[in-house]
>>> print(open('input.txt').read())   # compact mmCIF, C-alpha atoms
# COMPACT_ATOMS: atom_id res chain seq x y z
CA MET U 1 -16.72 -1.84 5.70
CA MET U 2 -16.55 1.92 6.15
CA GLN U 3 -16.26 3.30 9.67
CA ILE U 4 -16.01 6.74 11.22
CA THR U 5 -14.39 6.92 14.65
CA ARG U 6 -13.38 9.46 17.27
CA GLN U 7 -10.88 6.97 18.77
CA ALA U 8 -7.26 6.40 17.70
CA ILE U 9 -7.08 4.13 14.63
CA ARG U 10 -5.34 0.81 15.38
CA PRO U 11 -4.02 -0.59 12.07
CA ASP U 12 -2.86 -3.86 13.64
CA GLU U 13 -6.38 -4.72 14.81
CA LEU U 14 -8.00 -3.58 11.57
CA ARG U 15 -5.53 -5.58 9.49
CA ALA U 16 -6.44 -8.79 11.34
CA ARG U 17 -10.02 -8.47 10.06
CA LEU U 18 -8.74 -8.93 6.50
CA ASN U 19 -7.00 -12.27 7.16
CA ASP U 20 -7.98 -15.04 4.76
CA PRO U 21 -6.23 -18.34 3.98
CA ALA U 22 -6.66 -17.51 0.28
CA ALA U 23 -4.94 -14.11 0.63
CA GLY U 24 -1.39 -13.83 -0.68
CA ALA U 25 -1.24 -10.04 -0.63
CA TYR U 26 -2.17 -7.21 1.71
CA ALA U 27 -1.82 -3.53 0.84
CA SER U 28 -2.63 -0.70 3.20
CA PHE U 29 -2.58 3.06 3.20
CA GLU U 30 -2.65 5.54 6.06
CA GLY U 31 -3.00 9.30 6.00
CA TRP U 32 -0.98 10.86 8.82
CA ILE U 33 -1.26 14.41 10.14
CA ARG U 34 1.80 16.29 8.96
CA ASN U 35 3.28 19.44 10.42
CA GLU U 36 3.11 21.47 7.21
CA ASN U 37 0.67 22.19 4.40
CA GLU U 38 1.38 24.48 1.48
CA GLY U 39 4.00 26.40 3.38
CA HIS U 40 2.07 26.79 6.67
CA ASP U 41 3.24 25.27 9.97
CA VAL U 42 0.35 23.10 11.16
CA LEU U 43 -0.19 22.44 14.89
CA ARG U 44 -3.25 20.16 14.71
CA LEU U 45 -6.22 19.29 12.56
CA GLU U 46 -9.93 19.15 13.16
CA TYR U 47 -12.04 16.78 11.08
CA GLU U 48 -15.74 17.39 10.63
CA VAL U 49 -17.59 14.36 9.26
CA TYR U 50 -21.22 14.08 8.25
CA GLU U 51 -21.33 10.50 9.38
CA PRO U 52 -24.54 9.10 7.83
CA LEU U 53 -23.45 9.99 4.29
CA ALA U 54 -19.72 9.44 4.86
CA VAL U 55 -20.52 5.83 5.77
CA THR U 56 -22.90 5.13 2.87
CA GLU U 57 -20.61 6.86 0.35
CA GLY U 58 -17.59 4.99 1.75
CA GLU U 59 -19.45 1.69 1.45
CA LYS U 60 -20.20 2.56 -2.17
CA VAL U 61 -16.52 3.24 -2.85
CA ILE U 62 -15.52 -0.11 -1.32
CA ALA U 63 -18.20 -1.92 -3.36
CA GLU U 64 -16.87 -0.24 -6.51
CA ALA U 65 -13.34 -1.40 -5.67
CA ARG U 66 -14.63 -4.96 -5.25
CA ALA U 67 -16.39 -4.78 -8.61
CA LYS U 68 -13.31 -3.42 -10.40
CA PHE U 69 -10.63 -5.65 -8.84
CA PRO U 70 -10.68 -9.34 -7.76
CA ILE U 71 -9.97 -8.70 -4.09
CA LEU U 72 -10.98 -10.67 -1.01
CA HIS U 73 -11.56 -8.02 1.67
CA ALA U 74 -11.36 -4.25 2.00
CA ASP U 75 -12.06 -1.85 4.86
CA CYS U 76 -11.67 1.85 5.50
CA VAL U 77 -11.72 3.84 8.75
CA HIS U 78 -11.69 7.64 9.01
CA ARG U 79 -11.23 9.75 12.13
CA SER U 80 -13.37 12.66 13.17
CA GLY U 81 -12.59 15.34 15.74
CA LEU U 82 -9.29 16.89 16.80
CA LEU U 83 -6.04 15.20 15.70
CA GLU U 84 -2.44 15.91 16.62
CA ILE U 85 0.63 15.78 14.35
CA GLY U 86 1.59 12.18 13.62
CA GLU U 87 -1.87 10.73 14.24
CA CYS U 88 -3.54 8.49 11.69
CA ALA U 89 -6.50 10.25 10.05
CA VAL U 90 -7.52 7.52 7.62
CA TRP U 91 -6.68 3.84 7.11
CA VAL U 92 -7.40 1.66 4.08
CA GLY U 93 -6.61 -2.07 3.98
CA VAL U 94 -7.11 -4.60 1.17
CA SER U 95 -6.34 -8.32 1.01
CA SER U 96 -6.34 -10.34 -2.21
CA GLY U 97 -4.81 -13.35 -3.92
CA HIS U 98 -2.12 -11.37 -5.72
CA ARG U 99 -0.53 -7.98 -5.20
CA ASP U 100 -1.61 -6.10 -8.35
CA GLU U 101 -5.22 -5.90 -7.29
CA ALA U 102 -4.37 -5.19 -3.64
CA PHE U 103 -2.37 -2.10 -4.63
CA LEU U 104 -4.89 -0.94 -7.23
CA ALA U 105 -7.93 -1.36 -5.00
CA CYS U 106 -6.19 0.33 -2.05
CA ARG U 107 -5.27 3.29 -4.24
CA TYR U 108 -8.76 3.47 -5.72
CA ILE U 109 -10.39 3.54 -2.29
CA ILE U 110 -8.21 6.29 -0.80
CA ASP U 111 -8.47 8.43 -3.96
CA GLN U 112 -12.27 8.23 -3.95
CA VAL U 113 -12.61 8.64 -0.18
CA LYS U 114 -10.66 11.88 -0.33
CA VAL U 115 -12.84 13.49 -2.98
CA ARG U 116 -16.31 12.00 -2.38
CA LEU U 117 -16.98 11.61 1.33
CA PRO U 118 -18.55 14.57 3.21
CA ILE U 119 -15.47 15.19 5.37
CA TRP U 120 -13.80 18.53 5.99
CA LYS U 121 -10.62 19.46 7.77
CA LYS U 122 -9.67 22.65 9.47
CA GLU U 123 -5.99 23.28 10.00
CA HIS U 124 -4.79 25.15 13.07
CA TYR U 125 -1.56 27.00 12.30
CA ALA U 126 1.40 27.99 14.44
CA ASP U 127 0.61 31.68 13.81
CA GLY U 128 -2.75 31.34 15.56
CA HIS U 129 -4.86 31.30 12.40
CA SER U 130 -6.94 28.39 11.17
CA GLY U 131 -8.59 27.52 7.91
CA TRP U 132 -10.67 24.92 6.12
CA VAL U 133 -8.56 22.93 3.68
CA ASN U 134 -9.65 23.20 0.09
CA CYS U 135 -10.56 20.02 -1.75
CA GLU U 136 -7.69 18.14 -3.35
CA ARG U 137 -8.98 18.64 -6.89
CA CYS U 138 -9.49 22.38 -6.29
CA ALA U 139 -6.11 23.05 -4.62
CA THR U 140 -2.76 22.91 -6.37
CA HIS U 141 -1.37 20.36 -3.91
CA GLY U 142 -3.21 17.57 -2.13
CA ASN U 143 -2.40 16.34 1.32
CA GLY U 144 -1.33 12.76 2.00
CA MET H 1 16.66 -0.86 6.10
CA MET H 2 16.49 -4.45 4.89
CA GLN H 3 16.19 -7.22 7.46
CA ILE H 4 15.92 -11.00 7.35
CA THR H 5 14.26 -12.66 10.34
CA ARG H 6 13.23 -16.10 11.57
CA GLN H 7 10.70 -14.50 13.95
CA ALA H 8 7.11 -13.50 13.21
CA ILE H 9 6.95 -10.13 11.45
CA ARG H 10 5.20 -7.45 13.54
CA PRO H 11 3.91 -4.75 11.18
CA ASP H 12 2.72 -2.49 14.01
CA GLU H 13 6.23 -2.24 15.46
CA LEU H 14 7.88 -1.85 12.06
CA ARG H 15 5.43 0.87 11.05
CA ALA H 16 6.31 2.93 14.12
CA ARG H 17 9.90 3.20 12.87
CA LEU H 18 8.67 5.18 9.85
CA ASN H 19 6.92 7.90 11.89
CA ASP H 20 7.90 11.42 10.93
CA PRO H 21 6.16 14.75 11.64
CA ALA H 22 6.63 15.62 7.95
CA ALA H 23 4.93 12.39 6.78
CA GLY H 24 1.38 12.73 5.43
CA ALA H 25 1.24 9.29 3.82
CA TYR H 26 2.17 5.73 4.70
CA ALA H 27 1.83 2.79 2.31
CA SER H 28 2.62 -0.78 3.22
CA PHE H 29 2.57 -4.16 1.56
CA GLU H 30 2.62 -7.64 3.07
CA GLY H 31 2.99 -10.99 1.37
CA TRP H 32 0.94 -13.62 3.20
CA ILE H 33 1.20 -17.40 2.84
CA ARG H 34 -1.85 -18.56 0.93
CA ASN H 35 -3.34 -22.03 0.86
CA GLU H 36 -3.13 -22.45 -2.91
CA ASN H 37 -0.67 -21.89 -5.73
CA GLU H 38 -1.33 -22.67 -9.37
CA GLY H 39 -3.97 -25.24 -8.53
CA HIS H 40 -2.08 -27.01 -5.72
CA ASP H 41 -3.28 -27.09 -2.10
CA VAL H 42 -0.41 -25.67 -0.05
CA LEU H 43 0.08 -26.70 3.60
CA ARG H 44 3.14 -24.60 4.44
CA LEU H 45 6.13 -22.86 2.94
CA GLU H 46 9.84 -23.00 3.58
CA TYR H 47 11.96 -19.95 2.78
CA GLU H 48 15.67 -20.32 2.15
CA VAL H 49 17.53 -17.01 2.26
CA TYR H 50 21.16 -16.32 1.51
CA GLU H 51 21.26 -13.61 4.11
CA PRO H 52 24.47 -11.67 3.34
CA LEU H 53 23.42 -10.93 -0.22
CA ALA H 54 19.70 -10.68 0.48
CA VAL H 55 20.49 -7.83 2.87
CA THR H 56 22.90 -5.95 0.59
CA GLU H 57 20.64 -6.38 -2.45
CA GLY H 58 17.60 -5.31 -0.41
CA GLU H 59 19.45 -2.20 0.80
CA LYS H 60 20.25 -1.42 -2.85
CA VAL H 61 16.57 -1.72 -3.79
CA ILE H 62 15.55 0.63 -0.96
CA ALA H 63 18.25 3.14 -1.98
CA GLU H 64 16.95 3.01 -5.56
CA ALA H 65 13.41 3.69 -4.34
CA ARG H 66 14.68 6.72 -2.39
CA ALA H 67 16.49 8.01 -5.48
CA LYS H 68 13.42 7.57 -7.72
CA PHE H 69 10.73 8.90 -5.38
CA PRO H 70 10.77 11.76 -2.81
CA ILE H 71 10.01 9.59 0.21
CA LEU H 72 10.98 10.02 3.86
CA HIS H 73 11.54 6.45 5.14
CA ALA H 74 11.35 2.91 3.77
CA ASP H 75 12.02 -0.49 5.32
CA CYS H 76 11.63 -4.11 4.27
CA VAL H 77 11.65 -7.30 6.33
CA HIS H 78 11.62 -10.84 4.90
CA ARG H 79 11.14 -14.10 6.79
CA SER H 80 13.28 -17.19 6.49
CA GLY H 81 12.48 -20.74 7.60
CA LEU H 82 9.16 -22.56 7.85
CA LEU H 83 5.92 -20.56 7.56
CA GLU H 84 2.31 -21.60 8.02
CA ILE H 85 -0.73 -20.47 6.02
CA GLY H 86 -1.69 -16.91 6.92
CA GLU H 87 1.76 -15.88 8.16
CA CYS H 88 3.45 -12.75 6.85
CA ALA H 89 6.44 -13.62 4.63
CA VAL H 90 7.47 -10.12 3.67
CA TRP H 91 6.64 -6.61 4.81
CA VAL H 92 7.39 -3.31 3.04
CA GLY H 93 6.59 0.10 4.55
CA VAL H 94 7.11 3.59 3.14
CA SER H 95 6.33 7.02 4.61
CA SER H 96 6.37 10.24 2.59
CA GLY H 97 4.85 13.70 2.35
CA HIS H 98 2.16 12.72 -0.15
CA ARG H 99 0.58 9.45 -1.20
CA ASP H 100 1.68 9.12 -4.82
CA GLU H 101 5.30 8.48 -3.92
CA ALA H 102 4.42 6.24 -0.96
CA PHE H 103 2.43 3.90 -3.23
CA LEU H 104 4.98 3.99 -6.05
CA ALA H 105 8.00 3.37 -3.82
CA CYS H 106 6.23 0.57 -1.93
CA ARG H 107 5.34 -1.12 -5.20
CA TYR H 108 8.84 -0.66 -6.57
CA ILE H 109 10.44 -2.22 -3.50
CA ILE H 110 8.25 -5.34 -3.37
CA ASP H 111 8.54 -5.88 -7.14
CA GLN H 112 12.33 -5.73 -7.01
CA VAL H 113 12.65 -7.74 -3.79
CA LYS H 114 10.70 -10.58 -5.38
CA VAL H 115 12.92 -10.87 -8.44
CA ARG H 116 16.36 -9.81 -7.20
CA LEU H 117 17.01 -11.08 -3.67
CA PRO H 118 18.55 -14.55 -3.26
CA ILE H 119 15.46 -16.04 -1.63
CA TRP H 120 13.78 -19.33 -2.54
CA LYS H 121 10.58 -20.92 -1.39
CA LYS H 122 9.62 -24.55 -1.25
CA GLU H 123 5.95 -25.34 -1.10
CA HIS H 124 4.72 -28.36 0.82
CA TYR H 125 1.51 -29.68 -0.71
CA ALA H 126 -1.48 -31.50 0.75
CA ASP H 127 -0.69 -34.53 -1.43
CA GLY H 128 2.68 -35.01 0.32
CA HIS H 129 4.81 -33.59 -2.47
CA SER H 130 6.90 -30.47 -2.28
CA GLY H 131 8.58 -28.23 -4.81
CA TRP H 132 10.65 -25.11 -5.26
CA VAL H 133 8.57 -22.26 -6.61
CA ASN H 134 9.69 -20.92 -9.93
CA CYS H 135 10.59 -17.26 -10.19
CA GLU H 136 7.76 -14.85 -10.85
CA ARG H 137 9.09 -13.76 -14.24
CA CYS H 138 9.59 -17.40 -15.31
CA ALA H 139 6.20 -18.69 -14.16
CA THR H 140 2.88 -17.75 -15.74
CA HIS H 141 1.43 -16.54 -12.43
CA GLY H 142 3.22 -14.83 -9.59
CA ASN H 143 2.38 -15.28 -5.95
CA GLY H 144 1.37 -12.36 -3.72
CA MET C 1 -44.73 27.99 -6.48
CA SER C 2 -42.69 28.36 -3.35
CA LYS C 3 -41.42 25.30 -1.44
CA THR C 4 -40.60 24.94 2.22
CA LEU C 5 -37.15 23.38 2.59
CA THR C 6 -34.82 22.58 5.46
CA VAL C 7 -31.26 23.51 4.54
CA ARG C 8 -28.23 22.23 6.45
CA TYR C 9 -24.81 23.87 6.29
CA PHE C 10 -21.49 22.14 6.97
CA ALA C 11 -17.94 23.21 7.81
CA GLY C 12 -17.10 26.52 6.09
CA PHE C 13 -20.70 27.00 4.96
CA ARG C 14 -21.91 26.74 8.54
CA GLU C 15 -19.34 29.25 9.73
CA HIS C 16 -20.13 31.57 6.84
CA ALA C 17 -23.90 31.46 7.32
CA GLY C 18 -23.57 31.60 11.11
CA LEU C 19 -26.05 28.74 11.51
CA ASP C 20 -26.07 25.00 10.89
CA ARG C 21 -29.61 24.73 9.59
CA GLU C 22 -32.57 26.89 8.63
CA THR C 23 -36.02 26.48 7.17
CA VAL C 24 -36.49 28.51 4.02
CA SER C 25 -39.27 29.18 1.58
CA LEU C 26 -37.82 29.24 -1.94
CA ASP C 27 -39.03 29.27 -5.51
CA ALA C 28 -36.59 26.50 -6.51
CA ALA C 29 -36.93 23.63 -8.99
CA THR C 30 -33.49 22.02 -8.54
CA ALA C 31 -30.66 21.74 -6.02
CA ARG C 32 -28.79 24.26 -8.15
CA ASP C 33 -31.55 26.84 -7.60
CA VAL C 34 -31.30 26.30 -3.84
CA PHE C 35 -27.53 26.74 -3.89
CA GLU C 36 -27.62 29.90 -6.00
CA GLN C 37 -30.37 31.58 -4.02
CA LEU C 38 -28.76 30.83 -0.66
CA LYS C 39 -25.37 31.84 -1.97
CA GLN C 40 -26.84 35.28 -2.68
CA ARG C 41 -28.41 35.41 0.75
CA HIS C 42 -25.26 34.33 2.68
CA GLY C 43 -22.63 35.54 0.23
CA SER C 44 -20.58 32.34 0.16
CA PRO C 45 -17.58 32.53 -2.18
CA GLU C 46 -17.31 28.83 -3.12
CA PRO C 47 -18.03 28.02 -6.77
CA LEU C 48 -20.77 25.43 -7.20
CA ALA C 49 -18.46 23.13 -9.18
CA HIS C 50 -16.34 22.52 -6.05
CA CYS C 51 -19.31 21.81 -3.80
CA LYS C 52 -21.66 18.86 -3.34
CA VAL C 53 -25.28 18.44 -2.40
CA ALA C 54 -27.40 15.76 -0.77
CA ILE C 55 -31.17 15.60 -0.57
CA ASN C 56 -32.76 13.77 2.36
CA ASP C 57 -29.45 12.05 3.18
CA GLU C 58 -28.78 10.82 -0.36
CA MET C 59 -26.02 12.26 -2.53
CA ALA C 60 -27.65 14.21 -5.35
CA ASP C 61 -26.75 16.20 -8.47
CA TRP C 62 -27.18 19.92 -8.88
CA SER C 63 -29.88 19.12 -11.44
CA SER C 64 -31.83 16.94 -8.99
CA PRO C 65 -35.37 18.24 -8.39
CA VAL C 66 -36.30 19.47 -4.91
CA GLU C 67 -39.73 18.88 -3.41
CA ASP C 68 -41.66 20.67 -0.72
CA GLY C 69 -40.48 19.35 2.66
CA ASP C 70 -37.06 18.15 1.46
CA THR C 71 -33.92 18.53 3.54
CA ILE C 72 -31.08 19.92 1.42
CA LEU C 73 -27.51 19.36 2.66
CA LEU C 74 -24.99 21.83 1.26
CA PHE C 75 -21.40 20.59 1.33
CA PRO C 76 -18.47 22.94 0.76
CA PRO C 77 -15.37 21.42 -0.91
CA VAL C 78 -14.62 18.12 0.85
CA ALA C 79 -11.12 17.17 2.02
CA GLY C 80 -10.99 13.77 3.63
CA GLY C 81 -7.82 11.84 4.41
CA MET L 1 44.87 -22.51 -17.53
CA SER L 2 42.75 -24.17 -14.90
CA LYS L 3 41.46 -22.25 -11.88
CA THR L 4 40.61 -23.52 -8.44
CA LEU L 5 37.14 -22.27 -7.48
CA THR L 6 34.81 -22.81 -4.57
CA VAL L 7 31.25 -23.23 -5.85
CA ARG L 8 28.22 -22.90 -3.58
CA TYR L 9 24.80 -24.28 -4.48
CA PHE L 10 21.47 -23.00 -3.15
CA ALA L 11 17.91 -24.34 -2.92
CA GLY L 12 17.11 -26.57 -5.93
CA PHE L 13 20.72 -26.52 -7.12
CA ARG L 14 21.89 -27.85 -3.77
CA GLU L 15 19.31 -30.62 -3.81
CA HIS L 16 20.10 -31.43 -7.42
CA ALA L 17 23.87 -31.56 -6.90
CA GLY L 18 23.49 -33.34 -3.56
CA LEU L 19 25.95 -30.94 -1.91
CA ASP L 20 25.99 -27.31 -0.83
CA ARG L 21 29.54 -26.53 -1.85
CA GLU L 22 32.50 -28.06 -3.63
CA THR L 23 35.96 -27.05 -4.73
CA VAL L 24 36.48 -27.52 -8.43
CA SER L 25 39.28 -27.04 -10.89
CA LEU L 26 37.89 -25.55 -14.09
CA ASP L 27 39.13 -24.04 -17.31
CA ALA L 28 36.72 -21.09 -17.03
CA ALA L 29 37.06 -17.43 -17.99
CA THR L 30 33.62 -16.16 -16.93
CA ALA L 31 30.79 -17.01 -14.57
CA ARG L 32 28.94 -18.33 -17.61
CA ASP L 33 31.67 -20.90 -18.22
CA VAL L 34 31.40 -22.07 -14.61
CA PHE L 35 27.62 -22.41 -14.88
CA GLU L 36 27.72 -24.33 -18.15
CA GLN L 37 30.47 -26.74 -17.08
CA LEU L 38 28.82 -27.53 -13.75
CA LYS L 39 25.43 -27.83 -15.40
CA GLN L 40 26.87 -30.62 -17.53
CA ARG L 41 28.41 -32.26 -14.47
CA HIS L 42 25.27 -32.12 -12.31
CA GLY L 43 22.68 -32.14 -15.08
CA SER L 44 20.62 -29.22 -13.73
CA PRO L 45 17.65 -28.35 -15.98
CA GLU L 46 17.40 -24.62 -15.20
CA PRO L 47 18.14 -22.29 -18.13
CA LEU L 48 20.89 -19.79 -17.35
CA ALA L 49 18.60 -16.84 -18.16
CA HIS L 50 16.44 -17.64 -15.10
CA CYS L 51 19.41 -18.00 -12.73
CA LYS L 52 21.73 -15.55 -11.01
CA VAL L 53 25.34 -15.60 -9.93
CA ALA L 54 27.44 -13.91 -7.27
CA ILE L 55 31.22 -13.87 -6.96
CA ASN L 56 32.76 -13.50 -3.50
CA ASP L 57 29.44 -12.29 -2.05
CA GLU L 58 28.80 -9.64 -4.71
CA MET L 59 26.08 -9.99 -7.31
CA ALA L 60 27.76 -10.52 -10.70
CA ASP L 61 26.91 -10.92 -14.38
CA TRP L 62 27.32 -14.09 -16.39
CA SER L 63 30.05 -12.26 -18.31
CA SER L 64 31.96 -11.38 -15.12
CA PRO L 65 35.50 -12.84 -15.10
CA VAL L 66 36.38 -15.47 -12.51
CA GLU L 67 39.79 -15.60 -10.85
CA ASP L 68 41.70 -18.37 -9.17
CA GLY L 69 40.51 -18.68 -5.58
CA ASP L 70 37.09 -17.08 -6.19
CA THR L 71 33.92 -18.32 -4.54
CA ILE L 72 31.11 -18.63 -7.08
CA LEU L 73 27.53 -18.66 -5.76
CA LEU L 74 25.03 -20.25 -8.12
CA PHE L 75 21.44 -19.14 -7.54
CA PRO L 76 18.52 -21.01 -9.12
CA PRO L 77 15.43 -18.91 -10.00
CA VAL L 78 14.66 -16.71 -6.98
CA ALA L 79 11.16 -16.37 -5.55
CA GLY L 80 11.02 -14.03 -2.60
CA GLY L 81 7.87 -12.60 -1.11
>>> encode(input="input.txt", output="structure tokens")
Amino acid sequence: MMQITRQAIRPDELRARLNDPAAGAYASFEGWIRNENEGHDVLRLEYEVYEPLAVTEGEKVIAEARAKFPILHADCVHRSGLLEIGECAVWVGVSSGHRDEAFLACRYIIDQVKVRLPIWKKEHYADGHSGWVNCERCATHGNG
Amino acid sequence: MMQITRQAIRPDELRARLNDPAAGAYASFEGWIRNENEGHDVLRLEYEVYEPLAVTEGEKVIAEARAKFPILHADCVHRSGLLEIGECAVWVGVSSGHRDEAFLACRYIIDQVKVRLPIWKKEHYADGHSGWVNCERCATHGNG
Amino acid sequence: MSKTLTVRYFAGFREHAGLDRETVSLDAATARDVFEQLKQRHGSPEPLAHCKVAINDEMADWSSPVEDGDTILLFPPVAGG
Amino acid sequence: MSKTLTVRYFAGFREHAGLDRETVSLDAATARDVFEQLKQRHGSPEPLAHCKVAINDEMADWSSPVEDGDTILLFPPVAGG
């Protein structure tokens, strides 16, 4: 399931939704707000999300991961709004029988979410400026 | 840091130890007790750990991961004693600037922990039998 | 023949155009035509290859046809995560 | 010349030998010699290639030399995680 939220992401609660007596492996990824990007001191980040399409595109990504890898459960949650340094911007969790597919599906989901969902982030810098972050494939360095 | 514990593993508390304002990525892996292994119905598992060497060997693995990948923090906790279906047997967490190295280091640590630490597991089956699980590299199928 | 379209702008596009939506009358066959004509009007610097488009809340291609009455969503380079 | 060694058994080895440690007097130069001689005594089925050994709480190789007074830890196939 793909969710967009303005509330703090709680990985411990989200993880519990992936429990399954047949699951031997759980892999998760989180994107945290870091204090630096491409040489600029970052104070906070602002996420703009076009929710209707972010959700349907995210659901598509998760369905693709299920089709590619024999996993049991997978979810993704992305924040919108203003985030401070250290906050969790995105969470991906996958449970499966064995660890290969948990890692691969988790990686697939975060990679696709970053380049396909209609989500934008504006960085607010220590020098008072701000700017929209270029897409990962366009920029020289990705975030997270 | 490598830890062996007889208490339930609490990923939310462990994860908080890896916080860092320079961290943009966090990857974690958990091995959960599943109800089946190689066609046998499993009721519970018993982990035997030779703690002095499990800790030093685990610390070595984490140091290797740090040397191979530019990560910020990495920890691993492994249970000992009797575990029920669904419980977390092992947790690995890694924080880093970007996600490539978080995934790679997390995978490296769990792979090495499974084959190098002096840890053994005995499965108790629904049919009343029990047996020590063969090592992952020796068996046809690994767990987790 | 000219079509009446609703165009929505997001993130940098919205700031650049100074509005989040407008109704336009364009002689456009595809999403690409819409992008190029509005790029001229608003002077956005983003190359089309880095952008995305949706039509009536479905992700589309730049070659997707646009029909009279469609809502075209113009997405500047995305950066989730 | 025979050496006095303390040998510790873990998991399946302990169950197989019926004891978790013993003091033995062996004519052994390396960890491999210890493994092979005790394998004969206790009849363990595990091939050496799947097992591990530690000497005085340090991971060792099968070719590591053993000295009088050493504690040899014999590890059957490990299976953490």
>>> closest_atom_pairs(input="input.txt", of="segment 17-78 of chain U", to="segment 45-57 of chain C", cutoff="10 Å", atoms="only C-alpha atoms", output="tab-separated table")
residue	atom	partner	partner_atom	distance
U:Tyr50	CA	C:Asp57	CA	9.9
U:Pro52	CA	C:Asp57	CA	7.4
U:Leu53	CA	C:Asp57	CA	6.4
U:Thr56	CA	C:Asp57	CA	9.5
>>> closest_residue(input="input.txt", among="U:Val115, U:Ile71, U:Ala8, U:Cys76", to="chain C", atoms="all atoms listed in the file")
U:Val115
>>> atom_distance(input="input.txt", atom1="atom CA of Val78 of chain L", atom2="atom CA of Glu22 of chain L")
21.4 Å
>>> interface_residues(input="input.txt", of="chain U", to="chain H", cutoff="9 Å", atoms="all atoms listed in the file", output="MDAnalysis selection string")
chainID U and resid 10:12 19:36 85:86 96:100 102:103 107 142:144
>>> write_last_selection(input="input.txt", atoms="C-alpha atoms", output="PDB file, in the coordinates of the input")
ATOM      1  CA  ARG U  10      -5.340   0.810  15.380  1.00  0.00           C
ATOM      2  CA  PRO U  11      -4.020  -0.590  12.070  1.00  0.00           C
ATOM      3  CA  ASP U  12      -2.860  -3.860  13.640  1.00  0.00           C
ATOM      4  CA  ASN U  19      -7.000 -12.270   7.160  1.00  0.00           C
ATOM      5  CA  ASP U  20      -7.980 -15.040   4.760  1.00  0.00           C
ATOM      6  CA  PRO U  21      -6.230 -18.340   3.980  1.00  0.00           C
ATOM      7  CA  ALA U  22      -6.660 -17.510   0.280  1.00  0.00           C
ATOM      8  CA  ALA U  23      -4.940 -14.110   0.630  1.00  0.00           C
ATOM      9  CA  GLY U  24      -1.390 -13.830  -0.680  1.00  0.00           C
ATOM     10  CA  ALA U  25      -1.240 -10.040  -0.630  1.00  0.00           C
ATOM     11  CA  TYR U  26      -2.170  -7.210   1.710  1.00  0.00           C
ATOM     12  CA  ALA U  27      -1.820  -3.530   0.840  1.00  0.00           C
ATOM     13  CA  SER U  28      -2.630  -0.700   3.200  1.00  0.00           C
ATOM     14  CA  PHE U  29      -2.580   3.060   3.200  1.00  0.00           C
ATOM     15  CA  GLU U  30      -2.650   5.540   6.060  1.00  0.00           C
ATOM     16  CA  GLY U  31      -3.000   9.300   6.000  1.00  0.00           C
ATOM     17  CA  TRP U  32      -0.980  10.860   8.820  1.00  0.00           C
ATOM     18  CA  ILE U  33      -1.260  14.410  10.140  1.00  0.00           C
ATOM     19  CA  ARG U  34       1.800  16.290   8.960  1.00  0.00           C
ATOM     20  CA  ASN U  35       3.280  19.440  10.420  1.00  0.00           C
ATOM     21  CA  GLU U  36       3.110  21.470   7.210  1.00  0.00           C
ATOM     22  CA  ILE U  85       0.630  15.780  14.350  1.00  0.00           C
ATOM     23  CA  GLY U  86       1.590  12.180  13.620  1.00  0.00           C
ATOM     24  CA  SER U  96      -6.340 -10.340  -2.210  1.00  0.00           C
ATOM     25  CA  GLY U  97      -4.810 -13.350  -3.920  1.00  0.00           C
ATOM     26  CA  HIS U  98      -2.120 -11.370  -5.720  1.00  0.00           C
ATOM     27  CA  ARG U  99      -0.530  -7.980  -5.200  1.00  0.00           C
ATOM     28  CA  ASP U 100      -1.610  -6.100  -8.350  1.00  0.00           C
ATOM     29  CA  ALA U 102      -4.370  -5.190  -3.640  1.00  0.00           C
ATOM     30  CA  PHE U 103      -2.370  -2.100  -4.630  1.00  0.00           C
ATOM     31  CA  ARG U 107      -5.270   3.290  -4.240  1.00  0.00           C
ATOM     32  CA  GLY U 142      -3.210  17.570  -2.130  1.00  0.00           C
ATOM     33  CA  ASN U 143      -2.400  16.340   1.320  1.00  0.00           C
ATOM     34  CA  GLY U 144      -1.330  12.760   2.000  1.00  0.00           C
TER      35      GLY U 144
END
>>> residues_around(input="input.txt", residues="segment 130-135 of chain H", least_positions_apart="4", cutoff="12 Å", atoms="only C-alpha atoms", output="VMD selection string")
(chain H and resid 37 to 38 40 to 48 111 113 to 126 139 to 143) or (chain L and resid 10 to 16 46 to 47 49 to 52 75 to 81)
>>> decode(input="input.txt", residues="segment 2-17 of chain L", atoms="C-alpha atoms", output="mmCIF file, in the first residue's frame")
data_model
loop_
_atom_site.group_PDB
_atom_site.id
_atom_site.type_symbol
_atom_site.label_atom_id
_atom_site.label_comp_id
_atom_site.auth_asym_id
_atom_site.auth_seq_id
_atom_site.Cartn_x
_atom_site.Cartn_y
_atom_site.Cartn_z
ATOM 1 C CA SER L 2 51.598 -35.402 23.306
ATOM 2 C CA LYS L 3 49.852 -32.165 24.286
ATOM 3 C CA THR L 4 47.248 -31.572 26.948
ATOM 4 C CA LEU L 5 44.331 -29.677 25.421
ATOM 5 C CA THR L 6 40.947 -28.535 26.631
ATOM 6 C CA VAL L 7 38.355 -29.140 23.911
ATOM 7 C CA ARG L 8 34.940 -27.467 23.945
ATOM 8 C CA TYR L 9 31.989 -28.746 21.933
ATOM 9 C CA PHE L 10 29.031 -26.655 20.756
ATOM 10 C CA ALA L 11 25.490 -27.356 19.526
ATOM 11 C CA GLY L 12 25.368 -30.639 17.565
ATOM 12 C CA PHE L 13 28.934 -31.525 18.524
ATOM 13 C CA ARG L 14 28.059 -31.242 22.211
ATOM 14 C CA GLU L 15 24.991 -33.425 21.790
ATOM 15 C CA HIS L 16 26.930 -35.910 19.700
ATOM 16 C CA ALA L 17 29.848 -36.169 22.134
#
